[in-house]
Amino acid sequence: MSTNPYSRPTDGAKRHSHALTDGPDRAPARAMLKAIGFTDDDLARPLVGVATTWIETMPCNFNQRRLAEFVKEGIRAGGGTPMEFNTIAVSDGVSMGTEGMKASLVSREVVADSIELVVRGHLLDGVVCLVGCDKTIPGAAMALARLDVPGLILYNGTIYPGTYKGQDLTIVSVFEAVGAYRAGKIGLDELYAIESAACPGAGACGGQYTANTMSMVMEFLGLSPAGLNGIPAEDPGKDAAARRAGELAMTLVRHDIRPSHIVTKPAIENAIAAIAATGGSTNGVLHLLGIAHEFGLPLTLDEFDTIAARTPIVADMVPGGRYTASDLYDAGGISLVMRELLKRDGLLHGDEKNVDGRTLVKIADAAVEAPGQKVVRSIEDPLKPTGGLAILRGSLAPEGCVVKLAGHERLHHTGPARVFDSETACFEAVKNRQVHEGDVVVVRYEGPVGGPGMQEMLSVTAALQGEGLGGSVALLTDGRFSGGTHGLMIGHVAPEAALGGPIGLVEEGDEIVIDVEARTLDLNVPEATLAERRASWQAPAPHYLGGVMAKYAALVSSASEGAVTTGRRMVDAGSRSGAAVAVVAEPSPIAGG
C-alpha cells in the first residue's frame, strides 16, 4: 500500500503538476485519478502527456495505439507517469477532391489547440506528441511552442511502397492512374489493380510528400530525436524508437529543457534547407511560417527563396525523383542529408541542438551510409544546383506565392487563363478534356478564407499528369498543392481572391506570364481594365455561416503569413470591402506554467 502522500516532499521535476496533485487540498483530484488506476506513487512522479493522433480513417496514423504503449514504457522507465490523450486528424488522401478536404488545414489549428488545452488543463510537466498525417506534425509543433513545457515529437513512420508490375507505387500513383483512365490510357481493371496494390499497410504517404517533409523538418528543427522519425511504420525497430522517445522526454523534464531552447531562428533556417535539399512539399512553407509565428521568431516568405537558391537538391525523392522515404531510411537516413549539406559552408547551422542532446554536426558525423546507396547524392554532384522551391511576386501575387522546382519543371510559361472558381469545377473540366496544351489553369476562391481551409489540388494536378498534360500546362491557385504534386504548379497566391486579391480579377483568356528565373507572376492586362474589374468586384458569400469552418474563415491570416489563427489579420477596407473578416488582438505570450 502506498504511503500517505500528504507529507511527501514534492519531486522537483513536477514543475507544473504539483499544483494538481500535491497536498491535502488536492485530495479530490487524486481521488478521481485513483478511480482509473493511478496510485499515490504514480501521482508523486512528474506527469507526462502522451498525445496521439490515432484515428480509424486512414493508414497514416493507424499504428499509434501500439506505439503509445512503448512511449509510456519509456516514460515510466525514466521515472515519470504517462497520461495518454488523443486529438484529431483529417486524411488528405482520403478526403482529397471532396468538400471534406477543406477540413484538412483547419485540423492543424484544432490539433494545436487541443494539445495545448489538455496540457494546460491538466498541468502536465511534459508531453510526447505522436504524429502521422500531414497537419498533425506542424499542429504538434505549434502546441509545443505555445506551451513551452519539455516535450518532443515522434512521427509514427512512413508507409512502405506498394508494387505493381515491378514498379513501386504510392498514393499519388493512384491519383495519376485516375487521370490515365479518364484519358483512355488504362482500363478499369488496371485502375483497380493499382488501387488495390498502392497502400500495403500502416504509415503516412510514402514519397517526400507533406508528411515525410514535415517529419524531416522536425529532425532538422531538433524537436524530434534524430534518426527515430525515419524508421518506417511497420519496421520492427519502431517500437524501440517509441520507448526511446519516452525516455528522452523524461530527460527533458528532469533538466527543464524546453522547446524554446531548441527551436531558434537558425534551426528554422536549417529546416528550410532540408525542404529545399530534398524537393520537399510546398506545404512546408506554410507550416514553417506558422511554427515560427508560434515561437515568436521572425520569418518571411522571401527567406525561403533565399535559402533554396543556395541549397542544392541532394536527395532523389519522389515525386520529383525516384525514391521513397523508406528507401531513404534504408540508405542511411536523414543524417546523410545533413552530412552532405554540412560539407559546404553556409548551408546549415551545425551547432543547433536536437532534443537528444546532440548537435547537427554530431548527428551527421554518426551517419552510416548503406554501401551503394543512390538516394542521397554527394554535395559535389547534386541533382540540381538550387533547391526545390521558389517564391514569385508580381501583379498576380503582390504578397507572394510558392512554386515547387523539384524535378525538371519549365521556368517560363505564357498562356491563356482558364478560370475556375473552385477545385471541383476545375476537376470536372480536366476530366472532360476541356483543358489544353499551353493553358494556364487558375483555381481561385480556395484560399484560407475563401475555401475556407485552402484545400489541396492533387485531384486536378494528378489528373493533368495522368492525361499527359503535366509538361505543357501551368496551374496557379490561392489554395495549396499536395506534396505529391509535380509540374509547373504555383500555390498560395496572396492576397487570395476572397479578400480582393488580383487573382480574383482574372478573366477567361487573359494572358498570364510566369517567369521563375525572374521570380515573377504577372497578368498581362492593362491597368485601366483591371481598375474597371476591381470596381465591380464583390466578395462572394461565405460557404459556411456557422461552426468551425466559419470560425476559421473569420480568424485565419494570409497564406503568406502561415494561415495562422492566433495573429492579426490586417484588412485594407478600400480594396477588400465586403469580405467576411475579423481582426483579433495579438495574443500575449504565456508559457506553460
# chains A, B, ... in the order shown; residues from 1 in each chain; ligands from 1

call {"tool": "closest_atom_pairs", "arguments": {"of": "stretch 138-240 of chain A", "to": "stretch 16-35 of chain A", "cutoff": "12 Å", "atoms": "only C-alpha atoms", "output": "tab-separated table"}}
result
residue	atom	partner	partner_atom	distance
A:Leu147	CA	A:His16	CA	11.6
A:Asp148	CA	A:His16	CA	11.9
A:Val149	CA	A:His16	CA	9.2
A:Pro150	CA	A:His16	CA	11.1

call {"tool": "residues_around", "arguments": {"residues": "A:Thr53", "least_positions_apart": "2", "cutoff": "7 Å", "atoms": "only C-alpha atoms", "output": "ChimeraX atom specification"}}
result
/A:51,55,61,86-89,130-131

call {"tool": "atom_distance", "arguments": {"atom1": "atom CA of A:Leu396", "atom2": "atom CA of A:Phe427"}}
result
22.4 Å

call {"tool": "closest_residue", "arguments": {"among": "A:Phe62, A:Trp537, A:Tyr552, A:Phe420", "to": "A:Glu446", "atoms": "only C-alpha atoms"}}
result
A:Phe420

call {"tool": "closest_atom_pairs", "arguments": {"of": "stretch 327-386 of chain A", "to": "stretch 231-245 of chain A", "cutoff": "10 Å", "atoms": "only C-alpha atoms", "output": "tab-separated table"}}
result
residue	atom	partner	partner_atom	distance
A:Asp327	CA	A:Pro232	CA	9.7
A:Leu328	CA	A:Ile231	CA	9.7
A:Tyr329	CA	A:Ile231	CA	6.5
A:Asp330	CA	A:Ile231	CA	9.0
A:Gly333	CA	A:Ile231	CA	8.5
A:Val355	CA	A:Ala245	CA	9.7
A:Asp356	CA	A:Ala245	CA	9.0

call {"tool": "residues_around", "arguments": {"residues": "A:Ala315", "least_positions_apart": "4", "cutoff": "8 Å", "atoms": "only C-alpha atoms", "output": "NGL selection string"}}
result
:A and (277-279 or 337 or 375-377 or 383)

call {"tool": "write_last_selection", "arguments": {"atoms": "N, CA, C and O atoms", "output": "tab-separated table (two decimals), in the first residue's frame"}}
result
chain	number	residue	atom	x	y	z
A	277	ALA	N	16.58	20.89	-50.05
A	277	ALA	CA	17.56	19.88	-50.45
A	277	ALA	C	16.94	18.54	-50.81
A	277	ALA	O	17.62	17.68	-51.38
A	278	THR	N	15.67	18.35	-50.48
A	278	THR	CA	15.01	17.06	-50.72
A	278	THR	C	13.83	17.18	-51.68
A	278	THR	O	13.11	16.20	-51.88
A	279	GLY	N	13.62	18.36	-52.27
A	279	GLY	CA	12.46	18.54	-53.14
A	279	GLY	C	11.17	18.37	-52.37
A	279	GLY	O	10.19	17.83	-52.89
A	337	VAL	N	21.57	13.47	-45.44
A	337	VAL	CA	21.27	14.78	-46.00
A	337	VAL	C	21.99	15.85	-45.18
A	337	VAL	O	22.61	16.77	-45.74
A	375	VAL	N	20.16	7.13	-53.11
A	375	VAL	CA	19.09	8.06	-52.76
A	375	VAL	C	19.65	9.46	-52.50
A	375	VAL	O	19.10	10.46	-52.96
A	376	VAL	N	20.74	9.54	-51.73
A	376	VAL	CA	21.34	10.83	-51.38
A	376	VAL	C	22.64	10.99	-52.17
A	376	VAL	O	23.54	10.15	-52.08
A	377	ARG	N	22.70	12.07	-52.91
A	377	ARG	CA	23.87	12.34	-53.75
A	377	ARG	C	24.88	13.19	-52.99
A	377	ARG	O	24.55	13.89	-52.03
A	383	LEU	N	21.63	16.67	-57.64
A	383	LEU	CA	20.67	16.53	-58.72
A	383	LEU	C	20.40	17.87	-59.39
A	383	LEU	O	20.20	17.94	-60.60

call {"tool": "closest_residue", "arguments": {"among": "A:His486, A:His261, A:Arg322, A:His349", "to": "A:Leu405", "atoms": "only C-alpha atoms"}}
result
A:His486

call {"tool": "closest_residue", "arguments": {"among": "A:Leu297, A:Val361, A:Val48, A:Ile307", "to": "A:Met250", "atoms": "only C-alpha atoms"}}
result
A:Val48

call {"tool": "closest_residue", "arguments": {"among": "A:Gly487, A:Val440, A:Val449, A:Leu476", "to": "A:Val106", "atoms": "only C-alpha atoms"}}
result
A:Val449
